[in-house]
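Here is the structure we will look at.
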Amino acid sequence: MQLKYVDTKEEIIAINRKSKHIEPHLHNALEIVCVTSGALELGVGQELYHMEKGDIGFVFPDVIHHYQVLTPGVNKATYLIASPFTIAKFADIMQSMAPEYPIIKAEKVEPEIYRVINAILETEQSDITVAQAYLQIVLARCIGKLNLVEKSNVGSNDLIYQTVSYISANFKKKFSLEEMAKDLGVSKYVLSRLFSKTFHRNFNQYLNDVRLNYACQRLENTSDSITKICLDSGFESQRTFNRVFKERYKISPSDYRSTCLKDMTVTSLAS
């Protein structure tokens with residue numbers, strides 16, 4: 001069973017799925033990824049880290065990160081996403097610190113950790129306390145293996161970082177390129193060129209991609225209505241959401257959700 005606690009302060013999401021490319025983003029939750037098959041590239045700040053089967057990566061809250069799949073074949077991973085409320089005594093540390101090197105290689109992972117991660121996946125949705133206890137075991141056994149540094153040392157203050165951070169924090173709202181440029185203290189023409197040269201798309205395309213990535217996560221991990229997901233993702237109407245979604249994924253949001261559910265069922269049975 002896939003454990004999901006979404007849109008509450010007790011949020012924990014645990015899912016085992018095929019790895020895929022995910023655009024740079026940030027959130028206030030802790031994210032743990034354990035490669036279960038093939039390989040995965042974890043990008044944190046401006047660095048890219050290669051992960052193979054058994055490796056576990058840690059992304060602390062409010063750190064920009066992304067994923068890339070560069071290895072052919074079957075690539076899968078277990079993703080654990082936990083709100084600050086669920087990480088208890090570790091929350092204060094994670095607010096100011098972050099791993100200098102965010103990966104614990106498989107040879108340094110205690111076998112018990114894999115068993116605990118699998119136990120989280122199998123926990124009933126009503127047993128949030130049990131899931132939280134398991135999560136504390138993972139953190140207690142793993143945090144000491146990471147060299148923690150000031151969070152500012154794993155990020156960047158350049159305009160690219162500021163742009164990703166700004167959109168990650170504001171994509172659910174309605175705002176324009178001009179408003180964003182004013183808030184960042186730069187010309188809208190400078191910002192427009194950055195989107196074109198760095199992200200290879202214009203402002204609206206990039207903003208829609210961020211919104212779609214968030215919507216996909218909600219479609220995969222919740223039973224929320226498509227209308228609620230559409231509005232929570234920052235789209236003004238479901239009609240616009242459906243059109244933009246289909247342009248990118250070539251299927252409707254409802255069909256996407258059905259496909260993901262089938263894929264997760266197969267993955268769960270195979271794991």
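Within each chain, counting starts at residue 1; across the structure tokens, chains are named A, B, ... in the order shown, with ligands numbered 1 upward in that order.
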Requested in this report: Find the residues near stretch 200-208 of chain A: any atom within 12 Å, counting only C-alpha atoms, skip ones fewer than 4 places away on the same chain, and give them as a PyMOL selection string.
Outcome: chain A and resi 23-25+163-164+166-181+188-196+212-215+230+233-236+240-245+247-248
Could you list, with a cut-off of 10 Å and counting only C-alpha atoms, the residues of stretch 29-54 of chain A near stretch 89-112 of chain A, each shown with its nearest atom pair and the distance in Å rounded to one decimal, rows sorted by chain and ascending number, as a tab-separated table?
```
residue	atom	partner	partner_atom	distance
A:Ala29	CA	A:Ala91	CA	9.6
A:Leu30	CA	A:Met94	CA	8.3
A:Ile32	CA	A:Pro102	CA	9.8
A:Val33	CA	A:Ile103	CA	9.4
A:Cys34	CA	A:Ala106	CA	9.5
A:Val35	CA	A:Ala106	CA	9.4
A:Leu42	CA	A:Pro102	CA	8.9
A:Gly43	CA	A:Pro102	CA	9.7
A:Val44	CA	A:Pro102	CA	8.1
A:Glu47	CA	A:Tyr101	CA	9.6
A:Tyr49	CA	A:Ile103	CA	7.7
A:His50	CA	A:Ile103	CA	8.7
A:Met51	CA	A:Ile103	CA	7.6
A:Glu52	CA	A:Ala106	CA	8.0
A:Lys53	CA	A:Ala106	CA	7.3
A:Gly54	CA	A:Ala106	CA	4.6
```
Query raised in the report: With distances taken over only C-alpha atoms, which of A:Ala77, A:Ile15, A:Ile143, A:Leu231 is nearest to A:Leu261?
Result: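 Closest to A:Leu261 of all the choices is A:Ile15.
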Report task. Would you mind telling me which residue in A:Leu70, A:Ala14, A:Val59, A:Ile22 lies nearest to A:Lys151 when using only C-alpha atoms? Result -> A:Val59
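Computed from the coordinates, the atom CA of A:Leu135 to atom CA of A:Thr36 distance equals 18.0 Å.
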Report summary line: Between A:Val138, A:Ile13, A:Leu26, A:Leu40, smallest distance to A:Asp55 by only C-alpha atoms belongs to A:Leu40
Query - Nearest to A:Ile87 by atom-to-atom distance, counting only C-alpha atoms, from A:Tyr249, A:Tyr134, A:Phe199, A:Tyr114 - result: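 The answer is A:Tyr134, which sits nearest to A:Ile87.
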**Report entry** Those of stretch 111-259 of chain A in DSSP alpha helix (DSSP H), formatted as a ChimeraX atom specification
**Finding:** /A:111-122,128-142,159-170,177-184,188-198,203-221,226-232,238-249,253-259
**Report entry** Nearby residues (only C-alpha atoms) at most 6 Å from A:His21, same-chain spacing under 2 positions excluded, as a list of chain:residue names
**Finding:**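 In the requested form, the answer reads A:Tyr67, A:Gln68, A:Val69.
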Query raised in the report: Using only C-alpha atoms, which of the listed residues (A:Thr78, A:Ser254, A:Asp209, A:Glu11) sits closest to A:Ile229?
Result: A:Ser254
